[in-house]
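Student: For reference, this is my_file-v9.pdb, and it has PDB, N, CA and C atoms.
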```pdb
ATOM      1  N   MET A   1     122.990 -56.269 106.546
ATOM      2  CA  MET A   1     122.397 -56.898 107.721
ATOM      3  C   MET A   1     123.332 -56.738 108.920
ATOM      4  N   LEU A   2     122.777 -56.415 110.033
ATOM      5  CA  LEU A   2     123.544 -56.200 111.253
ATOM      6  C   LEU A   2     123.946 -57.538 111.864
ATOM      7  N   GLN A   3     125.226 -57.718 112.084
ATOM      8  CA  GLN A   3     125.780 -58.912 112.733
ATOM      9  C   GLN A   3     126.121 -58.542 114.171
ATOM     10  N   THR A   4     125.835 -59.416 115.090
ATOM     11  CA  THR A   4     126.226 -59.200 116.479
ATOM     12  C   THR A   4     127.445 -60.047 116.777
ATOM     13  N   TYR A   5     128.447 -59.427 117.395
ATOM     14  CA  TYR A   5     129.648 -60.129 117.825
ATOM     15  C   TYR A   5     129.716 -60.074 119.336
ATOM     16  N   TYR A   6     130.485 -60.994 119.901
ATOM     17  CA  TYR A   6     130.653 -61.064 121.343
ATOM     18  C   TYR A   6     132.132 -60.920 121.659
ATOM     19  N   LEU A   7     132.445 -60.050 122.605
ATOM     20  CA  LEU A   7     133.813 -59.742 122.982
ATOM     21  C   LEU A   7     133.994 -60.050 124.454
ATOM     22  N   LEU A   8     135.235 -60.286 124.849
ATOM     23  CA  LEU A   8     135.562 -60.508 126.249
ATOM     24  C   LEU A   8     136.195 -59.237 126.796
ATOM     25  N   ARG A   9     135.663 -58.791 127.929
ATOM     26  CA  ARG A   9     136.134 -57.541 128.522
ATOM     27  C   ARG A   9     136.460 -57.755 129.991
ATOM     28  N   SER A  10     137.602 -57.250 130.412
ATOM     29  CA  SER A  10     138.035 -57.379 131.794
ATOM     30  C   SER A  10     137.084 -56.628 132.718
ATOM     31  N   THR A  11     136.690 -57.280 133.791
ATOM     32  CA  THR A  11     135.854 -56.610 134.787
ATOM     33  C   THR A  11     136.710 -55.771 135.732
ATOM     34  N   GLN A  12     138.036 -55.920 135.645
ATOM     35  CA  GLN A  12     138.925 -55.166 136.525
ATOM     36  C   GLN A  12     139.325 -53.819 135.935
ATOM     37  N   ASP A  13     139.705 -53.804 134.651
ATOM     38  CA  ASP A  13     140.162 -52.539 134.067
ATOM     39  C   ASP A  13     139.387 -52.126 132.816
ATOM     40  N   GLY A  14     138.431 -52.931 132.398
ATOM     41  CA  GLY A  14     137.599 -52.587 131.254
ATOM     42  C   GLY A  14     138.214 -52.851 129.896
ATOM     43  N   ALA A  15     139.437 -53.382 129.851
ATOM     44  CA  ALA A  15     140.119 -53.645 128.582
ATOM     45  C   ALA A  15     139.512 -54.855 127.882
ATOM     46  N   TYR A  16     139.521 -54.808 126.554
ATOM     47  CA  TYR A  16     139.052 -55.931 125.750
ATOM     48  C   TYR A  16     140.177 -56.920 125.540
ATOM     49  N   LEU A  17     139.836 -58.200 125.476
ATOM     50  CA  LEU A  17     140.822 -59.238 125.214
ATOM     51  C   LEU A  17     141.230 -59.159 123.754
ATOM     52  N   GLY A  18     142.523 -59.126 123.520
ATOM     53  CA  GLY A  18     143.032 -59.014 122.168
ATOM     54  C   GLY A  18     144.088 -60.053 121.879
ATOM     55  N   ALA A  19     144.521 -60.076 120.628
ATOM     56  CA  ALA A  19     145.563 -60.996 120.174
ATOM     57  C   ALA A  19     146.671 -60.201 119.508
ATOM     58  N   ARG A  20     147.878 -60.705 119.665
ATOM     59  CA  ARG A  20     149.065 -60.127 119.008
ATOM     60  C   ARG A  20     149.742 -61.248 118.229
ATOM     61  N   PRO A  21     149.331 -61.476 116.984
ATOM     62  CA  PRO A  21     149.852 -62.619 116.225
ATOM     63  C   PRO A  21     151.287 -62.460 115.739
ATOM     64  N   ASP A  22     151.798 -61.243 115.699
ATOM     65  CA  ASP A  22     153.136 -60.981 115.176
ATOM     66  C   ASP A  22     154.063 -60.593 116.322
ATOM     67  N   ARG A  23     154.893 -61.528 116.745
ATOM     68  CA  ARG A  23     155.797 -61.251 117.866
ATOM     69  C   ARG A  23     156.826 -60.181 117.534
ATOM     70  N   GLN A  24     157.108 -59.998 116.253
ATOM     71  CA  GLN A  24     158.054 -58.973 115.822
ATOM     72  C   GLN A  24     157.448 -57.575 115.912
ATOM     73  N   ASN A  25     156.128 -57.512 115.952
ATOM     74  CA  ASN A  25     155.429 -56.228 115.981
ATOM     75  C   ASN A  25     154.294 -56.300 117.005
ATOM     76  N   PRO A  26     154.625 -56.264 118.291
ATOM     77  CA  PRO A  26     153.604 -56.448 119.336
ATOM     78  C   PRO A  26     152.575 -55.325 119.436
ATOM     79  N   ASP A  27     152.819 -54.198 118.758
ATOM     80  CA  ASP A  27     151.837 -53.107 118.776
ATOM     81  C   ASP A  27     150.638 -53.389 117.879
ATOM     82  N   ARG A  28     150.741 -54.376 117.001
ATOM     83  CA  ARG A  28     149.625 -54.741 116.112
ATOM     84  C   ARG A  28     148.686 -55.674 116.889
ATOM     85  N   ARG A  29     147.702 -55.073 117.508
ATOM     86  CA  ARG A  29     146.750 -55.829 118.331
ATOM     87  C   ARG A  29     145.401 -55.915 117.635
ATOM     88  N   TYR A  30     144.768 -57.056 117.793
ATOM     89  CA  TYR A  30     143.451 -57.322 117.236
ATOM     90  C   TYR A  30     142.508 -57.676 118.377
ATOM     91  N   VAL A  31     141.325 -57.075 118.400
ATOM     92  CA  VAL A  31     140.339 -57.428 119.407
ATOM     93  C   VAL A  31     139.738 -58.783 119.018
ATOM     94  N   LEU A  32     139.621 -59.673 119.999
ATOM     95  CA  LEU A  32     139.017 -60.985 119.741
ATOM     96  C   LEU A  32     137.507 -60.844 119.695
ATOM     97  N   VAL A  33     136.891 -61.392 118.654
ATOM     98  CA  VAL A  33     135.430 -61.390 118.536
ATOM     99  C   VAL A  33     134.950 -62.813 118.282
ATOM    100  N   PHE A  34     133.773 -63.082 118.786
ATOM    101  CA  PHE A  34     133.168 -64.406 118.688
ATOM    102  C   PHE A  34     131.786 -64.267 118.062
ATOM    103  N   PRO A  35     131.387 -65.234 117.230
ATOM    104  CA  PRO A  35     130.062 -65.136 116.610
ATOM    105  C   PRO A  35     128.909 -65.436 117.571
ATOM    106  N   GLU A  36     129.185 -66.110 118.672
ATOM    107  CA  GLU A  36     128.141 -66.477 119.639
ATOM    108  C   GLU A  36     128.639 -66.261 121.065
ATOM    109  N   ASN A  37     127.733 -65.932 121.962
ATOM    110  CA  ASN A  37     128.043 -65.731 123.367
ATOM    111  C   ASN A  37     128.703 -66.969 123.970
ATOM    112  N   PHE A  38     128.134 -68.148 123.728
ATOM    113  CA  PHE A  38     128.650 -69.365 124.334
ATOM    114  C   PHE A  38     130.058 -69.691 123.840
ATOM    115  N   GLU A  39     130.417 -69.255 122.623
ATOM    116  CA  GLU A  39     131.766 -69.504 122.113
ATOM    117  C   GLU A  39     132.798 -68.666 122.868
ATOM    118  N   ALA A  40     132.436 -67.445 123.241
ATOM    119  CA  ALA A  40     133.333 -66.611 124.039
ATOM    120  C   ALA A  40     133.562 -67.262 125.401
ATOM    121  N   ARG A  41     132.500 -67.757 126.003
ATOM    122  CA  ARG A  41     132.627 -68.410 127.313
ATOM    123  C   ARG A  41     133.421 -69.714 127.209
ATOM    124  N   THR A  42     133.215 -70.457 126.136
ATOM    125  CA  THR A  42     133.963 -71.698 125.908
ATOM    126  C   THR A  42     135.447 -71.408 125.765
ATOM    127  N   TYR A  43     135.781 -70.355 125.025
ATOM    128  CA  TYR A  43     137.172 -69.969 124.813
ATOM    129  C   TYR A  43     137.872 -69.715 126.147
ATOM    130  N   VAL A  44     137.255 -68.916 126.995
ATOM    131  CA  VAL A  44     137.863 -68.605 128.291
ATOM    132  C   VAL A  44     137.939 -69.844 129.169
ATOM    133  N   SER A  45     136.882 -70.615 129.219
ATOM    134  CA  SER A  45     136.869 -71.812 130.064
ATOM    135  C   SER A  45     137.933 -72.819 129.634
ATOM    136  N   THR A  46     138.188 -72.886 128.325
ATOM    137  CA  THR A  46     139.159 -73.845 127.792
ATOM    138  C   THR A  46     140.595 -73.357 127.936
ATOM    139  N   HIS A  47     140.850 -72.102 127.624
ATOM    140  CA  HIS A  47     142.224 -71.612 127.515
ATOM    141  C   HIS A  47     142.698 -70.755 128.689
ATOM    142  N   ALA A  48     141.777 -70.270 129.499
ATOM    143  CA  ALA A  48     142.161 -69.437 130.649
ATOM    144  C   ALA A  48     141.144 -69.583 131.773
ATOM    145  N   PRO A  49     140.978 -70.804 132.298
ATOM    146  CA  PRO A  49     139.935 -71.012 133.312
ATOM    147  C   PRO A  49     140.118 -70.168 134.571
ATOM    148  N   ASP A  50     141.346 -69.827 134.922
ATOM    149  CA  ASP A  50     141.576 -68.997 136.106
ATOM    150  C   ASP A  50     141.164 -67.544 135.881
ATOM    151  N   PHE A  51     140.968 -67.186 134.625
ATOM    152  CA  PHE A  51     140.643 -65.817 134.244
ATOM    153  C   PHE A  51     139.134 -65.607 134.062
ATOM    154  N   ARG A  52     138.365 -66.696 133.962
ATOM    155  CA  ARG A  52     136.955 -66.577 133.574
ATOM    156  C   ARG A  52     136.087 -65.780 134.536
ATOM    157  N   ASP A  53     136.471 -65.698 135.790
ATOM    158  CA  ASP A  53     135.670 -64.900 136.721
ATOM    159  C   ASP A  53     136.054 -63.423 136.686
ATOM    160  N   ARG A  54     137.031 -63.067 135.833
ATOM    161  CA  ARG A  54     137.469 -61.672 135.720
ATOM    162  C   ARG A  54     137.143 -61.056 134.362
ATOM    163  N   VAL A  55     136.320 -61.762 133.580
ATOM    164  CA  VAL A  55     135.895 -61.215 132.289
ATOM    165  C   VAL A  55     134.380 -61.312 132.160
ATOM    166  N   ALA A  56     133.859 -60.407 131.379
ATOM    167  CA  ALA A  56     132.436 -60.419 131.048
ATOM    168  C   ALA A  56     132.327 -60.502 129.531
ATOM    169  N   VAL A  57     131.247 -61.098 129.074
ATOM    170  CA  VAL A  57     130.980 -61.146 127.645
ATOM    171  C   VAL A  57     130.110 -59.947 127.308
ATOM    172  N   GLU A  58     130.527 -59.205 126.297
ATOM    173  CA  GLU A  58     129.816 -58.002 125.879
ATOM    174  C   GLU A  58     129.439 -58.160 124.407
ATOM    175  N   SER A  59     128.240 -57.759 124.050
ATOM    176  CA  SER A  59     127.829 -57.835 122.646
ATOM    177  C   SER A  59     128.010 -56.474 121.983
ATOM    178  N   VAL A  60     128.334 -56.521 120.693
ATOM    179  CA  VAL A  60     128.514 -55.304 119.920
ATOM    180  C   VAL A  60     128.033 -55.580 118.493
ATOM    181  N   GLY A  61     127.337 -54.630 117.926
ATOM    182  CA  GLY A  61     126.873 -54.763 116.554
ATOM    183  C   GLY A  61     128.000 -54.490 115.571
ATOM    184  N   SER A  62     127.901 -55.067 114.393
ATOM    185  CA  SER A  62     128.945 -54.874 113.390
ATOM    186  C   SER A  62     129.115 -53.390 113.047
ATOM    187  N   ASN A  63     128.048 -52.613 113.176
ATOM    188  CA  ASN A  63     128.140 -51.181 112.887
ATOM    189  C   ASN A  63     128.891 -50.416 113.974
ATOM    190  N   GLN A  64     129.133 -51.019 115.125
ATOM    191  CA  GLN A  64     129.859 -50.384 116.223
ATOM    192  C   GLN A  64     131.303 -50.866 116.325
ATOM    193  N   LEU A  65     131.628 -51.932 115.623
ATOM    194  CA  LEU A  65     132.936 -52.569 115.777
ATOM    195  C   LEU A  65     134.082 -51.647 115.357
ATOM    196  N   LYS A  66     133.944 -50.951 114.254
ATOM    197  CA  LYS A  66     135.011 -50.071 113.762
ATOM    198  C   LYS A  66     135.323 -48.983 114.787
ATOM    199  N   GLY A  67     134.309 -48.371 115.367
ATOM    200  CA  GLY A  67     134.523 -47.343 116.379
ATOM    201  C   GLY A  67     135.243 -47.885 117.605
ATOM    202  N   LEU A  68     134.875 -49.079 118.032
ATOM    203  CA  LEU A  68     135.516 -49.705 119.181
ATOM    204  C   LEU A  68     136.988 -49.978 118.875
ATOM    205  N   ILE A  69     137.263 -50.485 117.678
ATOM    206  CA  ILE A  69     138.642 -50.790 117.268
ATOM    207  C   ILE A  69     139.480 -49.510 117.260
ATOM    208  N   ASP A  70     138.941 -48.453 116.693
ATOM    209  CA  ASP A  70     139.660 -47.176 116.644
ATOM    210  C   ASP A  70     139.897 -46.618 118.052
ATOM    211  N   ARG A  71     138.865 -46.638 118.867
ATOM    212  CA  ARG A  71     138.931 -46.060 120.216
ATOM    213  C   ARG A  71     139.962 -46.770 121.094
ATOM    214  N   TRP A  72     140.077 -48.097 120.955
ATOM    215  CA  TRP A  72     140.971 -48.874 121.815
ATOM    216  C   TRP A  72     142.337 -49.141 121.182
ATOM    217  N   GLY A  73     142.585 -48.623 119.981
ATOM    218  CA  GLY A  73     143.904 -48.736 119.375
ATOM    219  C   GLY A  73     144.225 -50.086 118.760
ATOM    220  N   PHE A  74     143.201 -50.836 118.376
ATOM    221  CA  PHE A  74     143.429 -52.099 117.673
ATOM    222  C   PHE A  74     143.604 -51.814 116.183
ATOM    223  N   VAL A  75     144.235 -52.745 115.460
ATOM    224  CA  VAL A  75     144.386 -52.584 114.007
ATOM    225  C   VAL A  75     143.254 -53.279 113.251
ATOM    226  N   GLY A  76     142.516 -54.119 113.943
ATOM    227  CA  GLY A  76     141.430 -54.860 113.325
ATOM    228  C   GLY A  76     140.831 -55.824 114.332
ATOM    229  N   PHE A  77     140.168 -56.846 113.806
ATOM    230  CA  PHE A  77     139.558 -57.827 114.698
ATOM    231  C   PHE A  77     140.028 -59.234 114.341
ATOM    232  N   ALA A  78     140.011 -60.091 115.339
ATOM    233  CA  ALA A  78     140.381 -61.492 115.192
ATOM    234  C   ALA A  78     139.129 -62.313 115.458
ATOM    235  N   LEU A  79     138.563 -62.866 114.405
ATOM    236  CA  LEU A  79     137.343 -63.663 114.527
ATOM    237  C   LEU A  79     137.713 -65.078 114.946
ATOM    238  N   VAL A  80     137.252 -65.480 116.118
ATOM    239  CA  VAL A  80     137.514 -66.829 116.620
ATOM    240  C   VAL A  80     136.489 -67.760 115.985
ATOM    241  N   GLU A  81     136.954 -68.578 115.055
ATOM    242  CA  GLU A  81     136.070 -69.468 114.300
ATOM    243  C   GLU A  81     135.843 -70.796 115.009
ATOM    244  N   ASP A  82     136.794 -71.200 115.849
ATOM    245  CA  ASP A  82     136.652 -72.417 116.650
ATOM    246  C   ASP A  82     137.306 -72.151 117.994
ATOM    247  N   PRO A  83     136.517 -72.004 119.067
ATOM    248  CA  PRO A  83     137.083 -71.632 120.358
ATOM    249  C   PRO A  83     137.877 -72.742 121.038
ATOM    250  N   LEU A  84     137.720 -73.986 120.625
ATOM    251  CA  LEU A  84     138.432 -75.081 121.279
ATOM    252  C   LEU A  84     139.850 -75.260 120.746
ATOM    253  N   VAL A  85     140.059 -75.037 119.448
ATOM    254  CA  VAL A  85     141.370 -75.306 118.836
ATOM    255  C   VAL A  85     142.441 -74.309 119.277
ATOM    256  N   PRO A  86     142.380 -73.054 119.329
ATOM    257  CA  PRO A  86     141.448 -72.157 118.651
ATOM    258  C   PRO A  86     141.888 -71.875 117.213
ATOM    259  N   ARG A  87     140.910 -71.631 116.370
ATOM    260  CA  ARG A  87     141.157 -71.241 114.978
ATOM    261  C   ARG A  87     140.659 -69.803 114.849
ATOM    262  N   VAL A  88     141.556 -68.923 114.411
ATOM    263  CA  VAL A  88     141.281 -67.488 114.389
ATOM    264  C   VAL A  88     141.650 -66.920 113.027
ATOM    265  N   SER A  89     140.801 -66.052 112.480
ATOM    266  CA  SER A  89     141.145 -65.326 111.257
ATOM    267  C   SER A  89     141.288 -63.848 111.609
ATOM    268  N   PHE A  90     142.346 -63.232 111.091
ATOM    269  CA  PHE A  90     142.672 -61.845 111.412
ATOM    270  C   PHE A  90     142.240 -60.931 110.270
ATOM    271  N   HIS A  91     141.622 -59.808 110.640
ATOM    272  CA  HIS A  91     141.093 -58.860 109.663
ATOM    273  C   HIS A  91     141.540 -57.450 110.024
ATOM    274  N   ASP A  92     142.397 -56.871 109.188
ATOM    275  CA  ASP A  92     142.789 -55.474 109.366
ATOM    276  C   ASP A  92     141.654 -54.582 108.880
ATOM    277  N   LEU A  93     141.474 -53.453 109.526
ATOM    278  CA  LEU A  93     140.476 -52.483 109.085
ATOM    279  C   LEU A  93     141.179 -51.241 108.550
ATOM    280  N   PRO A  94     140.678 -50.683 107.464
ATOM    281  CA  PRO A  94     141.257 -49.450 106.943
ATOM    282  C   PRO A  94     141.253 -48.358 108.009
ATOM    283  N   GLY A  95     142.364 -47.694 108.120
ATOM    284  CA  GLY A  95     142.461 -46.622 109.105
ATOM    285  C   GLY A  95     142.781 -47.114 110.497
ATOM    286  N   GLY A  96     142.911 -48.444 110.666
ATOM    287  CA  GLY A  96     143.265 -48.976 111.975
ATOM    288  C   GLY A  96     144.651 -48.522 112.380
ATOM    289  N   ARG A  97     144.991 -48.718 113.585
ATOM    290  CA  ARG A  97     146.243 -48.215 114.135
ATOM    291  C   ARG A  97     147.463 -48.719 113.377
ATOM    292  N   GLY A  98     147.362 -49.859 112.739
ATOM    293  CA  GLY A  98     148.508 -50.427 112.037
ATOM    294  C   GLY A  98     148.668 -49.920 110.625
ATOM    295  N   GLU A  99     147.757 -49.063 110.162
ATOM    296  CA  GLU A  99     147.827 -48.569 108.774
ATOM    297  C   GLU A  99     148.893 -47.516 108.633
TER
END
```
Reformat the file's structure so that it appears as structure tokens.

Tutor:
Amino acid sequence: MLQTYYLLRSTQDGAYLGARPDRQNPDRRYVLVFPENFEARTYVSTHAPDFRDRVAVESVGSNQLKGLIDRWGFVGFALVEDPLVPRVSFHDLPGGRGE
């Protein structure tokens, strides 16, 4: 079944918002994904309100996520499970940049 995810993308340079959970290895970047559009907007409004007018929410199907990760040099995706806390689970993808 096709899952739709929502990503935050800069309206200035087109880059996707990512996370770097390992300070010892800052090249291991994960694209942030949200299960719902409103959760992506909540995340920005809560944690970066000054940035919210410089990002757009973009939808992507689960079948397109791997290509996006490869193209932008991410090692996987970071699923934001709770945008207020935030609670995030990190998922490496085979063949990702960190492999």

Student: With all atoms listed in the file as the counted atoms, please give the residues lying no more than 6 Å from stretch 22-36 of chain A, apart from itself and same-chain residues fewer than 6 positions off, as a ChimeraX atom specification.

Tutor: /A:4-8,74-80

Student: Output, as AutoDock Vina command-line options, the centre and edge lengths in Å (one decimal) of the axis-aligned box that contains all listed atoms of stretch 39-54 of chain A with 8 Å of margin on each side.

Tutor:
```
--center_x 136.6 --center_y -67.5 --center_z 129.4 --size_x 28.3 --size_y 28.8 --size_z 30.6
```

Student: Quick one: which residues end up in the PyMOL selection byres ((chain A and resi 39-54) around 6) for this structure, as number ranges by chain?

Tutor: A: 9-12, 34, 36-38, 55-56, 83-84

Student: Hey, can you spit out that residue selection with N, CA and C atoms as a compact mmCIF listing (two decimals), in the coordinates of the input?

Tutor:
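For reference, out.txt as written:
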```txt
# COMPACT_ATOMS: atom_id res chain seq x y z
N ARG A 9 135.66 -58.79 127.93
CA ARG A 9 136.13 -57.54 128.52
C ARG A 9 136.46 -57.76 129.99
N SER A 10 137.60 -57.25 130.41
CA SER A 10 138.04 -57.38 131.79
C SER A 10 137.08 -56.63 132.72
N THR A 11 136.69 -57.28 133.79
CA THR A 11 135.85 -56.61 134.79
C THR A 11 136.71 -55.77 135.73
N GLN A 12 138.04 -55.92 135.65
CA GLN A 12 138.93 -55.17 136.52
C GLN A 12 139.32 -53.82 135.94
N PHE A 34 133.77 -63.08 118.79
CA PHE A 34 133.17 -64.41 118.69
C PHE A 34 131.79 -64.27 118.06
N GLU A 36 129.18 -66.11 118.67
CA GLU A 36 128.14 -66.48 119.64
C GLU A 36 128.64 -66.26 121.06
N ASN A 37 127.73 -65.93 121.96
CA ASN A 37 128.04 -65.73 123.37
C ASN A 37 128.70 -66.97 123.97
N PHE A 38 128.13 -68.15 123.73
CA PHE A 38 128.65 -69.36 124.33
C PHE A 38 130.06 -69.69 123.84
N VAL A 55 136.32 -61.76 133.58
CA VAL A 55 135.90 -61.22 132.29
C VAL A 55 134.38 -61.31 132.16
N ALA A 56 133.86 -60.41 131.38
CA ALA A 56 132.44 -60.42 131.05
C ALA A 56 132.33 -60.50 129.53
N PRO A 83 136.52 -72.00 119.07
CA PRO A 83 137.08 -71.63 120.36
C PRO A 83 137.88 -72.74 121.04
N LEU A 84 137.72 -73.99 120.62
CA LEU A 84 138.43 -75.08 121.28
C LEU A 84 139.85 -75.26 120.75
```

Student: Could you tell me, as a PDB file with N, CA and C atoms, in the coordinates of the input, exactly which residues end up selected when the PyMOL selection byres ((chain A and resi 63) around 8) is applied to this structure?

Tutor:
```
ATOM      1  N   MET A   1     122.990 -56.269 106.546  1.00  0.00           N
ATOM      2  CA  MET A   1     122.397 -56.898 107.721  1.00  0.00           C
ATOM      3  C   MET A   1     123.332 -56.738 108.920  1.00  0.00           C
ATOM      4  N   LEU A   2     122.777 -56.415 110.033  1.00  0.00           N
ATOM      5  CA  LEU A   2     123.544 -56.200 111.253  1.00  0.00           C
ATOM      6  C   LEU A   2     123.946 -57.538 111.864  1.00  0.00           C
ATOM      7  N   GLN A   3     125.226 -57.718 112.084  1.00  0.00           N
ATOM      8  CA  GLN A   3     125.780 -58.912 112.733  1.00  0.00           C
ATOM      9  C   GLN A   3     126.121 -58.542 114.171  1.00  0.00           C
ATOM     10  N   THR A   4     125.835 -59.416 115.090  1.00  0.00           N
ATOM     11  CA  THR A   4     126.226 -59.200 116.479  1.00  0.00           C
ATOM     12  C   THR A   4     127.445 -60.047 116.777  1.00  0.00           C
ATOM     13  N   VAL A  60     128.334 -56.521 120.693  1.00  0.00           N
ATOM     14  CA  VAL A  60     128.514 -55.304 119.920  1.00  0.00           C
ATOM     15  C   VAL A  60     128.033 -55.580 118.493  1.00  0.00           C
ATOM     16  N   GLY A  61     127.337 -54.630 117.926  1.00  0.00           N
ATOM     17  CA  GLY A  61     126.873 -54.763 116.554  1.00  0.00           C
ATOM     18  C   GLY A  61     128.000 -54.490 115.571  1.00  0.00           C
ATOM     19  N   SER A  62     127.901 -55.067 114.393  1.00  0.00           N
ATOM     20  CA  SER A  62     128.945 -54.874 113.390  1.00  0.00           C
ATOM     21  C   SER A  62     129.115 -53.390 113.047  1.00  0.00           C
ATOM     22  N   GLN A  64     129.133 -51.019 115.125  1.00  0.00           N
ATOM     23  CA  GLN A  64     129.859 -50.384 116.223  1.00  0.00           C
ATOM     24  C   GLN A  64     131.303 -50.866 116.325  1.00  0.00           C
ATOM     25  N   LEU A  65     131.628 -51.932 115.623  1.00  0.00           N
ATOM     26  CA  LEU A  65     132.936 -52.569 115.777  1.00  0.00           C
ATOM     27  C   LEU A  65     134.082 -51.647 115.357  1.00  0.00           C
ATOM     28  N   LYS A  66     133.944 -50.951 114.254  1.00  0.00           N
ATOM     29  CA  LYS A  66     135.011 -50.071 113.762  1.00  0.00           C
ATOM     30  C   LYS A  66     135.323 -48.983 114.787  1.00  0.00           C
ATOM     31  N   GLY A  67     134.309 -48.371 115.367  1.00  0.00           N
ATOM     32  CA  GLY A  67     134.523 -47.343 116.379  1.00  0.00           C
ATOM     33  C   GLY A  67     135.243 -47.885 117.605  1.00  0.00           C
ATOM     34  N   LEU A  68     134.875 -49.079 118.032  1.00  0.00           N
ATOM     35  CA  LEU A  68     135.516 -49.705 119.181  1.00  0.00           C
ATOM     36  C   LEU A  68     136.988 -49.978 118.875  1.00  0.00           C
TER      37      LEU A  68
END
```

Student: One number please: atom CA of A:Asp70 to atom CA of A:Glu58, in Å, one decimal.

Tutor: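 Separation of atom CA of A:Asp70 and atom CA of A:Glu58: 17.3 Å.
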
Student: Could you give me the residues within chain A that DSSP places in alpha helix (DSSP H), as a PyMOL selection string?

Tutor: chain A and resi 37-47+62-72

Student: Deliver the residues from the most recent selection as a file, using N, CA and C atoms, as a short mmCIF file (atom, residue, chain, number, x, y, z; two decimals), in the coordinates of the input.

Tutor:
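File produced: result11.cif:
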```cif
data_model
loop_
_atom_site.label_atom_id
_atom_site.label_comp_id
_atom_site.auth_asym_id
_atom_site.auth_seq_id
_atom_site.Cartn_x
_atom_site.Cartn_y
_atom_site.Cartn_z
N ASN A 37 127.73 -65.93 121.96
CA ASN A 37 128.04 -65.73 123.37
C ASN A 37 128.70 -66.97 123.97
N PHE A 38 128.13 -68.15 123.73
CA PHE A 38 128.65 -69.36 124.33
C PHE A 38 130.06 -69.69 123.84
N GLU A 39 130.42 -69.26 122.62
CA GLU A 39 131.77 -69.50 122.11
C GLU A 39 132.80 -68.67 122.87
N ALA A 40 132.44 -67.44 123.24
CA ALA A 40 133.33 -66.61 124.04
C ALA A 40 133.56 -67.26 125.40
N ARG A 41 132.50 -67.76 126.00
CA ARG A 41 132.63 -68.41 127.31
C ARG A 41 133.42 -69.71 127.21
N THR A 42 133.22 -70.46 126.14
CA THR A 42 133.96 -71.70 125.91
C THR A 42 135.45 -71.41 125.76
N TYR A 43 135.78 -70.36 125.02
CA TYR A 43 137.17 -69.97 124.81
C TYR A 43 137.87 -69.72 126.15
N VAL A 44 137.26 -68.92 127.00
CA VAL A 44 137.86 -68.60 128.29
C VAL A 44 137.94 -69.84 129.17
N SER A 45 136.88 -70.61 129.22
CA SER A 45 136.87 -71.81 130.06
C SER A 45 137.93 -72.82 129.63
N THR A 46 138.19 -72.89 128.32
CA THR A 46 139.16 -73.84 127.79
C THR A 46 140.60 -73.36 127.94
N HIS A 47 140.85 -72.10 127.62
CA HIS A 47 142.22 -71.61 127.52
C HIS A 47 142.70 -70.76 128.69
N SER A 62 127.90 -55.07 114.39
CA SER A 62 128.94 -54.87 113.39
C SER A 62 129.12 -53.39 113.05
N ASN A 63 128.05 -52.61 113.18
CA ASN A 63 128.14 -51.18 112.89
C ASN A 63 128.89 -50.42 113.97
N GLN A 64 129.13 -51.02 115.12
CA GLN A 64 129.86 -50.38 116.22
C GLN A 64 131.30 -50.87 116.32
N LEU A 65 131.63 -51.93 115.62
CA LEU A 65 132.94 -52.57 115.78
C LEU A 65 134.08 -51.65 115.36
N LYS A 66 133.94 -50.95 114.25
CA LYS A 66 135.01 -50.07 113.76
C LYS A 66 135.32 -48.98 114.79
N GLY A 67 134.31 -48.37 115.37
CA GLY A 67 134.52 -47.34 116.38
C GLY A 67 135.24 -47.88 117.60
N LEU A 68 134.88 -49.08 118.03
CA LEU A 68 135.52 -49.70 119.18
C LEU A 68 136.99 -49.98 118.88
N ILE A 69 137.26 -50.48 117.68
CA ILE A 69 138.64 -50.79 117.27
C ILE A 69 139.48 -49.51 117.26
N ASP A 70 138.94 -48.45 116.69
CA ASP A 70 139.66 -47.18 116.64
C ASP A 70 139.90 -46.62 118.05
N ARG A 71 138.86 -46.64 118.87
CA ARG A 71 138.93 -46.06 120.22
C ARG A 71 139.96 -46.77 121.09
N TRP A 72 140.08 -48.10 120.96
CA TRP A 72 140.97 -48.87 121.82
C TRP A 72 142.34 -49.14 121.18
#
```

Student: Can you measure atom N of A:Val85 to atom CA of A:Arg71 for me? One decimal in Å is fine.

Tutor: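 Interatomic distance here is 29.0 Å.
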
Student: Could you tell me how far atom N of A:Asp92 lies from atom C of A:Asp13, in Å and to one decimal?

Tutor: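 Those two atoms sit 24.3 Å apart.
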